[in-house]
file entry_2.cif (mmCIF, C-alpha atoms and all ligand atoms)
data_start
loop_
_atom_site.label_atom_id
_atom_site.label_comp_id
_atom_site.auth_asym_id
_atom_site.auth_seq_id
_atom_site.Cartn_x
_atom_site.Cartn_y
_atom_site.Cartn_z
CA MET P 1045 -25.72 13.92 -6.80
CA THR P 1046 -22.96 11.85 -5.21
CA THR P 1047 -22.79 10.69 -1.62
CA GLU P 1048 -19.62 11.00 0.44
CA VAL P 1049 -17.97 7.80 1.69
CA PRO P 1050 -18.69 7.64 5.45
CA GLN P 1051 -15.71 7.45 7.80
CA HIS P 1052 -15.12 4.05 9.39
CA ASP P 1053 -13.00 2.45 12.02
CA VAL P 1054 -10.19 0.89 9.99
CA SER P 1055 -7.97 0.05 12.95
CA GLN P 1056 -5.73 -2.96 12.65
CA SER P 1057 -6.01 -5.85 15.12
CA GLU P 1058 -4.45 -9.26 15.84
CA ARG P 1059 -6.65 -10.79 13.15
CA PHE P 1060 -6.97 -8.04 10.58
CA ASN P 1061 -3.75 -6.18 9.84
CA PHE P 1062 -0.98 -5.43 7.32
CA VAL P 1063 1.62 -7.81 8.79
CA ASP P 1064 1.22 -10.68 6.32
CA PHE P 1065 0.98 -8.46 3.25
CA ALA P 1066 4.11 -6.59 4.29
CA ARG P 1067 5.95 -9.95 4.36
CA ASP P 1068 5.17 -10.59 0.71
CA ARG P 1069 8.37 -10.95 -1.29
CA ALA P 1070 7.23 -8.95 -4.34
CA TYR P 1071 5.97 -6.09 -2.16
CA ARG P 1072 9.20 -6.09 -0.17
CA ASP P 1073 11.31 -6.08 -3.33
CA ALA P 1074 9.41 -3.12 -4.79
CA ASN P 1075 10.02 -1.15 -1.60
CA ARG P 1076 13.60 -2.33 -1.18
CA ASP P 1077 14.62 -1.19 -4.67
CA LEU P 1078 13.37 2.33 -3.98
CA LEU P 1079 14.89 2.44 -0.48
CA ARG P 1080 18.21 1.23 -1.86
CA LYS P 1081 18.25 4.10 -4.39
CA ALA P 1082 17.88 6.68 -1.62
CA PHE P 1083 20.10 4.81 0.85
CA ALA P 1084 23.07 4.99 -1.53
CA ARG P 1085 22.90 8.80 -1.25
CA LEU P 1086 22.56 8.98 2.55
CA PRO P 1087 25.44 10.04 4.82
CA SER P 1088 26.51 7.99 7.83
CA PRO P 1089 25.15 8.60 10.36
CA PHE P 1090 21.75 9.56 8.90
CA PHE P 1091 18.45 10.57 10.46
CA GLN P 1092 15.24 9.31 8.85
CA ILE P 1093 11.54 9.86 9.52
CA ASP P 1094 9.23 7.13 8.25
CA ILE P 1095 5.71 8.58 8.04
CA ALA P 1096 2.90 6.00 8.11
CA SER P 1097 5.38 3.39 9.26
CA GLY P 1098 2.66 0.74 9.56
CA THR P 1099 4.01 -2.60 10.75
CA GLY P 1100 7.62 -1.52 10.16
CA LEU P 1101 8.59 -2.63 6.66
CA VAL P 1102 10.61 0.50 5.78
CA ALA P 1103 12.61 0.49 9.02
CA GLN P 1104 13.27 -3.25 8.68
CA GLU P 1105 14.56 -2.84 5.14
CA VAL P 1106 16.66 0.25 5.93
CA CYS P 1107 18.16 -1.46 9.00
CA ALA P 1108 19.06 -4.42 6.77
CA LEU P 1109 20.83 -1.99 4.43
CA CYS P 1110 22.75 -0.56 7.42
CA GLU P 1111 23.89 -4.08 8.32
CA GLU P 1112 24.89 -4.70 4.70
CA THR P 1113 26.87 -1.48 4.28
CA GLY P 1114 28.00 -0.52 7.79
CA LYS P 1115 26.20 2.85 7.70
CA HIS P 1116 24.69 4.11 10.97
CA GLY P 1117 21.13 5.37 11.07
CA THR P 1118 18.29 6.52 13.30
CA ILE P 1119 14.77 5.94 12.03
CA VAL P 1120 11.72 7.41 13.72
CA GLY P 1121 8.39 6.01 12.57
CA ILE P 1122 5.01 7.72 12.91
CA ASP P 1123 1.66 6.01 12.56
CA PRO P 1124 -1.77 6.60 14.13
CA ASP P 1125 -2.64 2.89 14.34
CA HIS P 1126 -1.97 1.48 17.81
CA PHE P 1127 -1.65 -2.15 16.68
CA ALA P 1128 0.73 -1.17 13.86
CA VAL P 1129 2.92 0.89 16.22
CA GLU P 1130 3.22 -2.03 18.65
CA SER P 1131 3.89 -4.50 15.85
CA ALA P 1132 6.57 -2.26 14.28
CA THR P 1133 8.22 -1.67 17.66
CA ARG P 1134 8.36 -5.42 18.31
CA SER P 1135 9.60 -6.37 14.88
CA THR P 1136 12.29 -3.69 14.45
CA PRO P 1137 14.70 -4.04 17.38
CA SER P 1138 17.56 -1.54 17.58
CA THR P 1139 21.02 -2.77 16.64
CA ALA P 1140 24.48 -1.22 16.98
CA LEU P 1141 24.08 0.33 13.53
CA CYS P 1142 20.40 1.13 13.38
CA SER P 1143 18.14 2.44 16.12
CA GLY P 1144 14.93 4.35 16.52
CA GLU P 1145 11.39 4.31 17.81
CA VAL P 1146 7.83 4.49 16.58
CA ILE P 1147 5.55 7.31 17.69
CA GLU P 1148 1.78 6.95 17.65
CA GLY P 1149 0.29 9.89 15.79
CA ARG P 1150 -0.82 11.34 12.47
CA ALA P 1151 1.30 12.82 9.72
CA GLN P 1152 -0.78 15.96 10.08
CA ASP P 1153 0.91 16.52 13.47
CA LEU P 1154 4.41 15.73 12.25
CA GLU P 1155 6.15 18.86 13.41
CA ARG P 1156 4.58 18.76 16.90
CA LEU P 1157 5.25 15.01 17.31
CA LEU P 1158 8.89 15.41 16.32
CA LYS P 1159 9.63 18.55 18.32
CA GLY P 1160 13.14 18.31 19.74
CA GLN P 1161 13.99 15.11 17.82
CA ILE P 1162 15.06 16.43 14.42
CA PRO P 1163 18.76 17.33 14.14
CA PRO P 1164 19.32 21.12 13.91
CA GLY P 1165 20.12 20.98 10.18
CA GLY P 1166 17.04 18.85 9.39
CA ALA P 1167 16.36 15.18 8.59
CA ASP P 1168 18.41 13.41 5.91
CA TYR P 1169 15.56 11.29 4.65
CA VAL P 1170 11.76 11.10 4.90
CA THR P 1171 9.66 8.21 3.60
CA ILE P 1172 5.93 7.79 2.96
CA HIS P 1173 5.55 4.32 1.47
CA ASP P 1174 2.21 2.94 0.33
CA ALA P 1175 0.26 5.32 2.52
CA ILE P 1176 -0.33 8.79 1.08
CA HIS P 1177 -3.56 7.59 -0.57
CA GLU P 1178 -4.89 6.75 2.91
CA MET P 1179 -4.33 10.28 4.19
CA GLU P 1180 -7.18 12.77 4.22
CA GLU P 1181 -7.60 14.50 0.87
CA GLU P 1182 -7.51 18.02 2.27
CA ASP P 1183 -4.26 17.31 4.19
CA LYS P 1184 -2.09 15.62 1.54
CA GLN P 1185 -0.46 18.79 0.25
CA SER P 1186 0.20 20.29 3.69
CA ILE P 1187 1.71 16.97 4.87
CA LEU P 1188 4.18 17.17 1.98
CA VAL P 1189 4.94 20.79 2.89
CA SER P 1190 5.76 19.59 6.45
CA VAL P 1191 7.98 16.87 4.95
CA ALA P 1192 9.90 19.53 3.03
CA SER P 1193 10.19 21.69 6.13
CA ILE P 1194 11.79 18.95 8.27
CA LEU P 1195 14.29 17.89 5.57
CA ARG P 1196 17.75 19.44 5.48
CA PRO P 1197 18.74 21.09 2.19
CA GLY P 1198 19.84 18.17 -0.01
CA GLY P 1199 17.71 15.76 2.05
CA LEU P 1200 15.72 13.03 0.30
CA PHE P 1201 12.09 11.98 0.19
CA THR P 1202 10.69 8.76 -1.27
CA TYR P 1203 7.05 7.89 -1.83
CA ASN P 1204 5.21 5.02 -3.45
CA SER P 1205 1.56 4.13 -3.84
CA ALA P 1206 -0.48 1.21 -5.16
CA PHE P 1207 -3.58 3.37 -5.24
CA THR P 1208 -3.25 5.77 -8.17
CA THR P 1209 -5.14 5.95 -11.44
CA ALA P 1210 -2.32 3.80 -12.90
CA ALA P 1211 -2.67 1.03 -10.28
CA LEU P 1212 -4.94 -1.37 -12.12
CA GLY P 1213 -3.00 -1.13 -15.39
CA GLN P 1214 -3.76 -3.98 -17.81
CA ALA P 1215 -5.49 -5.92 -15.01
CA ALA P 1216 -8.47 -3.56 -14.47
CA MET P 1217 -10.89 -6.32 -15.55
CA GLN P 1218 -9.46 -8.84 -13.09
CA TRP P 1219 -9.65 -6.37 -10.18
CA GLY P 1220 -13.21 -5.48 -11.22
CA LYS P 1221 -14.25 -9.14 -11.40
CA TRP P 1222 -12.84 -9.82 -7.92
CA LYS P 1223 -14.84 -6.93 -6.48
CA SER P 1224 -18.07 -7.88 -8.34
CA LYS P 1225 -17.79 -11.50 -7.23
CA ALA P 1226 -17.26 -10.46 -3.60
CA PHE P 1227 -20.38 -8.26 -3.84
CA SER P 1228 -22.37 -11.17 -5.21
CA VAL P 1229 -21.07 -13.48 -2.43
CA LEU P 1230 -22.62 -10.98 0.00
CA GLU P 1231 -25.68 -10.63 -2.25
CA GLY P 1232 -24.93 -6.93 -2.05
CA LYS P 1233 -25.90 -4.06 -4.31
CA ARG P 1234 -23.75 -1.15 -5.30
CA ASN P 1235 -24.68 2.44 -4.53
CA ARG P 1236 -23.76 3.97 -7.88
CA ARG P 1237 -24.03 7.47 -6.41
CA MET P 1238 -21.47 6.77 -3.70
CA LYS P 1239 -18.30 8.69 -4.44
CA GLY P 1240 -15.51 6.14 -4.09
CA LEU P 1241 -12.07 6.80 -2.63
CA VAL P 1242 -10.17 9.39 -4.63
CA ALA P 1243 -7.39 7.92 -6.75
CA HIS P 1244 -4.92 10.56 -7.87
CA SER P 1245 -2.89 10.20 -11.01
CA PRO P 1246 0.89 9.73 -10.74
CA ASP P 1247 1.28 13.23 -12.22
CA GLU P 1248 -0.93 14.70 -9.52
CA TYR P 1249 1.30 13.16 -6.85
CA LEU P 1250 4.38 14.53 -8.60
CA GLU P 1251 2.73 17.96 -8.67
CA MET P 1252 2.02 17.76 -4.94
CA ILE P 1253 5.66 16.83 -4.29
CA THR P 1254 7.04 19.65 -6.42
CA GLY P 1255 4.36 21.98 -5.02
CA ALA P 1256 5.90 21.35 -1.59
CA GLY P 1257 9.23 22.66 -2.89
CA LEU P 1258 10.97 19.33 -3.59
CA SER P 1259 12.67 18.40 -6.88
CA VAL P 1260 11.79 15.00 -8.32
CA VAL P 1261 14.98 13.11 -9.21
CA HIS P 1262 13.47 9.70 -9.99
CA GLU P 1263 10.05 8.41 -10.98
CA ALA P 1264 8.80 4.99 -12.10
CA LYS P 1265 5.77 2.77 -12.44
CA LYS P 1266 6.44 -0.82 -11.42
CA SER P 1267 4.19 -3.76 -12.08
CA VAL P 1268 4.18 -5.97 -8.99
CA ARG P 1269 2.85 -9.51 -9.21
CA MET P 1270 0.40 -10.00 -6.36
CA SER P 1271 0.39 -13.72 -5.67
CA ARG P 1272 -2.62 -15.58 -4.33
CA THR P 1273 -1.06 -15.44 -0.85
CA ALA P 1274 -0.59 -11.68 -1.17
CA LEU P 1275 -4.19 -11.21 -2.34
CA GLU P 1276 -5.48 -13.20 0.65
CA ALA P 1277 -3.25 -11.12 2.95
CA ILE P 1278 -4.48 -7.81 1.56
CA ALA P 1279 -8.05 -9.08 2.01
CA ARG P 1280 -7.26 -9.07 5.75
CA TYR P 1281 -6.12 -5.43 5.80
CA PRO P 1282 -9.01 -3.30 7.15
CA ARG P 1283 -8.34 -0.28 4.88
CA PHE P 1284 -8.37 -2.44 1.77
CA VAL P 1285 -11.56 -4.22 2.81
CA TRP P 1286 -13.19 -0.87 3.56
CA GLY P 1287 -12.09 0.52 0.19
CA VAL P 1288 -13.50 -2.43 -1.77
CA PHE P 1289 -16.88 -2.30 -0.06
CA ALA P 1290 -17.18 1.49 0.39
CA ASP P 1291 -20.02 1.61 -2.14
CA LEU P 1292 -21.88 -1.50 -0.95
CA ILE P 1293 -25.37 -0.57 0.24
CA GLY P 1294 -25.66 -1.32 3.96
CA GLU P 1295 -21.95 -2.20 4.30
CA GLU P 1296 -21.68 -0.51 7.72
CA ALA P 1297 -23.82 -3.29 9.21
CA ILE P 1298 -21.55 -6.07 7.87
CA PRO P 1299 -18.64 -7.07 10.13
CA ILE P 1300 -15.12 -7.05 8.69
CA GLU P 1301 -14.86 -10.85 9.22
CA VAL P 1302 -17.71 -11.36 6.78
CA LYS P 1303 -16.42 -8.89 4.18
CA SER P 1304 -12.89 -10.25 4.37
CA GLN P 1305 -14.17 -13.81 3.97
CA ALA P 1306 -16.30 -12.74 0.98
CA LEU P 1307 -13.14 -11.52 -0.74
CA ILE P 1308 -11.41 -14.85 -0.11
CA THR P 1309 -14.45 -16.84 -1.25
CA ALA P 1310 -14.49 -14.72 -4.42
CA LEU P 1311 -10.83 -15.58 -5.07
CA ASN P 1312 -11.70 -19.28 -4.74
CA GLU P 1313 -14.76 -19.09 -6.94
CA LEU P 1314 -12.94 -17.19 -9.67
CA GLY P 1315 -9.86 -19.42 -9.39
CA ILE P 1316 -7.60 -16.36 -9.19
CA THR P 1317 -3.94 -17.24 -8.68
CA GLU P 1318 -2.42 -13.76 -9.07
CA ILE P 1319 -3.20 -10.23 -10.25
CA PRO P 1320 -0.59 -7.62 -11.13
CA ARG P 1321 -0.77 -4.14 -9.62
CA VAL P 1322 1.15 -1.05 -10.66
CA TRP P 1323 3.07 0.83 -7.97
CA HIS P 1324 3.96 4.43 -8.69
CA GLU P 1325 7.14 5.64 -6.99
CA ALA P 1326 9.20 8.79 -6.82
CA MET P 1327 12.31 10.10 -5.14
CA ALA P 1328 12.69 13.83 -4.54
CA CYS P 1329 15.33 16.09 -3.09
CA LYS P 1330 15.11 19.34 -1.12
CA PRO P 1331 17.02 21.93 -3.15
CA LEU P 1332 20.26 23.17 -1.66
CA ALA P 1333 19.17 26.81 -2.07
CA PRO P 1334 15.53 28.00 -2.02
CA ALA P 1335 14.12 28.03 -5.55
CA GLU P 1336 13.65 31.51 -7.03
CA GLY P 1337 10.25 33.01 -6.50
CA ARG P 1338 9.40 30.65 -3.65
CA ALA P 1339 8.46 32.18 -0.33
C1 LIG P 1401 -0.75 0.26 3.71
S1 LIG P 1401 -0.01 0.69 5.23
C2 LIG P 1401 1.69 0.91 4.75
C3 LIG P 1401 2.62 0.85 5.90
C4 LIG P 1401 4.10 0.91 5.58
N1 LIG P 1401 4.53 2.22 5.14
C5 LIG P 1401 4.49 -0.14 4.58
O1 LIG P 1401 4.86 0.21 3.44
O2 LIG P 1401 4.43 -1.33 4.92
C6 LIG P 1401 -0.57 2.37 5.42
C7 LIG P 1401 -0.33 2.99 6.79
O3 LIG P 1401 -0.69 4.39 6.73
C8 LIG P 1401 -1.13 4.76 8.00
N2 LIG P 1401 -1.84 6.04 7.93
C9 LIG P 1401 -3.08 6.28 7.47
N3 LIG P 1401 -3.40 7.58 7.63
C10 LIG P 1401 -2.33 8.18 8.20
C11 LIG P 1401 -2.02 9.51 8.63
N4 LIG P 1401 -2.92 10.49 8.49
N5 LIG P 1401 -0.82 9.76 9.17
C12 LIG P 1401 0.12 8.78 9.30
N6 LIG P 1401 -0.12 7.49 8.92
C13 LIG P 1401 -1.31 7.20 8.38
C14 LIG P 1401 -2.01 3.59 8.41
O4 LIG P 1401 -2.26 3.58 9.82
C15 LIG P 1401 -1.19 2.41 7.91
O5 LIG P 1401 -0.37 1.88 8.93
#
call {"tool": "encode", "arguments": {"input": "entry_2.cif", "output": "structure tokens", "more": "lines below"}}
Ligand SMILES: C[S@@+](CC[C@H](N)C(=O)[O-])C[C@H]1O[C@@H](n2cnc3c(N)ncnc32)[C@H](O)[C@@H]1O
result
Amino acid sequence: MTTEVPQHDVSQSERFNFVDFARDRAYRDANRDLLRKAFARLPSPFFQIDIASGTGLVAQEVCALCEETGKHGTIVGIDPDHFAVESATRSTPSTALCSGEVIEGRAQDLERLLKGQIPPGGADYVTIHDAIHEMEEEDKQSILVSVASILRPGGLFTYNSAFTTAALGQAAMQWGKWKSKAFSVLEGKRNRRMKGLVAHSPDEYLEMITGAGLSVVHEAKKSVRMSRTALEAIARYPRFVWGVFADLIGEEAIPIEVKSQALITALNELGITEIPRVWHEAMACKPLAPAEGRA
């Protein structure tokens, strides 16, 4: 019998957040390449919804593309994390070409949160970058259906995730060693019956996207070099820390400071300087006419 992973408070804070990881050059580049692909197909002006906007990376990159090309855009971010919303709002000031806001809320409530904001024909572009794996299992498909419903015909959707069955790639041993060492730093034991976080395969994500009525026009797996600095930064992101220690017996009694430090100590003890991680990405388009047989 397996045991469910208990729900935890994974809120970001001044000390433990995604800000530093989102600054990482390799992470930015992986996102920028995908955003650039979609951006080239956007009209001017365009209207974009960035779901799970986090600390604002997508809006920052898209605004930079507006400055580079002269296109005008409005980007509305949505994220349930209060710290992330404030951080994104601070770090993505509106310019003459690019404006928007960040709304605190969950993707599950997308249509209610955006009531009255979406242009009559629908949004030109919706993004969910590095976040779908964090969304509740039972809601993933219906979130993608909402994405399809707010897009205009011909509108674009991009997704990427570093938490799929392809993520560890050739480096599975290195990721495993880091986790084992962190457990031993805490002198912790693993609950082998604890069902870990669900990692979907890239194909399963593509099926969810097409199941929502979108047509996949691009797909890739990218190996991103996570430098030592990036690994230390991700060890300060509450969701990551929670994920690593989800199956540690008694983990709920251990403060995040201690778990985060155990990850950094493990990096030191193993002498890790970098570990690659595979990002899966896709771009999809809402068909111009409803597909045959679809309700
Ligand atoms: C790893 S961060 C990525 C943030 C940003 N998209 C980026 O690429 O930098 C994941 C974000 O997903 C958000 N998130 C988790 N569950 C969510 C949900 N149900 N609805 C919307 N956002 C969610 C978290 O609060 C977090 O800010």
call {"tool": "residues_near_ligand", "arguments": {"input": "entry_2.cif", "ligand": "ligand LIG 1401 (chain P)", "cutoff": "7 Å", "atoms": "all atoms listed in the file", "output": "list in words"}}
result
Phe1062, Ala1066, Ile1095, Ala1096, Ser1097, Gly1098, Thr1099, Gly1100, Leu1101, Val1102, Ile1122, Asp1123, Pro1124, Asp1125, Ala1128, Gly1149, Arg1150, Ala1151, Gln1152, Ile1172, His1173, Asp1174, Ala1175, Glu1178, Met1179 and Glu1180 of chain P
call {"tool": "residues_around", "arguments": {"input": "entry_2.cif", "residues": "P:Ser1143", "least_positions_apart": "3", "cutoff": "7 Å", "atoms": "only C-alpha atoms", "output": "PyMOL selection string"}}
result
chain P and resi 1117-1119+1138-1139
call {"tool": "closest_residue", "arguments": {"input": "entry_2.cif", "among": "P:Gln1218, P:Asn1235, P:Ser1224, P:Ser1271", "to": "P:Ala1306", "atoms": "all atoms listed in the file"}}
result
P:Ser1224
call {"tool": "residues_around", "arguments": {"input": "entry_2.cif", "residues": "P:Glu1231", "least_positions_apart": "2", "cutoff": "12 Å", "atoms": "only C-alpha atoms", "output": "count of residues only"}}
result
15
call {"tool": "residues_around", "arguments": {"input": "entry_2.cif", "residues": "P:Ala1082", "least_positions_apart": "5", "cutoff": "12 Å", "atoms": "all atoms listed in the file", "output": "NGL selection string"}}
result
:P and (1075-1077 or 1087 or 1090 or 1092 or 1106 or 1109 or 1168-1171 or 1198-1203 or 1261-1262 or 1326-1329)
call {"tool": "closest_residue", "arguments": {"input": "entry_2.cif", "among": "P:Pro1089, P:Pro1197, P:Gly1287, P:Gly1114", "to": "P:Ser1259", "atoms": "all atoms listed in the file"}}
result
P:Pro1197
call {"tool": "atom_distance", "arguments": {"input": "entry_2.cif", "atom1": "atom CA of P:Arg1321", "atom2": "atom CA of P:Ala1211"}}
result
5.5 Å
call {"tool": "closest_residue", "arguments": {"input": "entry_2.cif", "among": "P:Thr1133, P:Ala1070, P:Leu1158, P:Asp1183", "to": "P:Ser1267", "atoms": "only C-alpha atoms"}}
result
P:Ala1070
call {"tool": "residues_near_point", "arguments": {"input": "entry_2.cif", "point": "(-13.7, -9.3, 9.3)", "cutoff": "8 Å", "atoms": "only C-alpha atoms", "output": "MDAnalysis selection string"}}
result
chainID P and resid 1060 1280 1282 1299:1305
call {"tool": "residues_around", "arguments": {"input": "entry_2.cif", "residues": "stretch 1317-1320 of chain P", "least_positions_apart": "3", "cutoff": "8 Å", "atoms": "all atoms listed in the file", "output": "ChimeraX atom specification"}}
result
/P:1212,1215,1218-1219,1267-1272,1275,1311
call {"tool": "residues_near_point", "arguments": {"input": "entry_2.cif", "point": "(15.4, 14.2, 11.1)", "cutoff": "7 Å", "atoms": "only C-alpha atoms", "output": "number ranges by chain"}}
result
P: 1091-1093, 1161-1163, 1166-1168, 1194-1195
call {"tool": "atom_distance", "arguments": {"input": "entry_2.cif", "atom1": "atom CA of P:His1244", "atom2": "atom CA of P:Ala1210"}}
result
8.8 Å
call {"tool": "atom_distance", "arguments": {"input": "entry_2.cif", "atom1": "atom CA of P:Leu1258", "atom2": "atom CA of P:Ser1193"}}
result
10.0 Å
call {"tool": "residues_around", "arguments": {"input": "entry_2.cif", "residues": "P:Thr1136", "least_positions_apart": "4", "cutoff": "7 Å", "atoms": "all atoms listed in the file", "output": "list in words"}}
result
Gly1100, Ala1103, Gln1104 and Ala1132 of chain P
call {"tool": "closest_residue", "arguments": {"input": "entry_2.cif", "among": "P:Val1288, P:Ile1316, P:Arg1069, P:Ser1245", "to": "P:Phe1207", "atoms": "all atoms listed in the file"}}
result
P:Ser1245
call {"tool": "closest_residue", "arguments": {"input": "entry_2.cif", "among": "P:Pro1331, P:Gly1220, P:Asp1247, P:Ala1290", "to": "P:Ala1310", "atoms": "only C-alpha atoms"}}
result
P:Gly1220
call {"tool": "closest_residue", "arguments": {"input": "entry_2.cif", "among": "P:Cys1107, P:Leu1086, P:Val1054, P:Ile1253", "to": "P:His1126", "atoms": "all atoms listed in the file"}}
result
P:Val1054
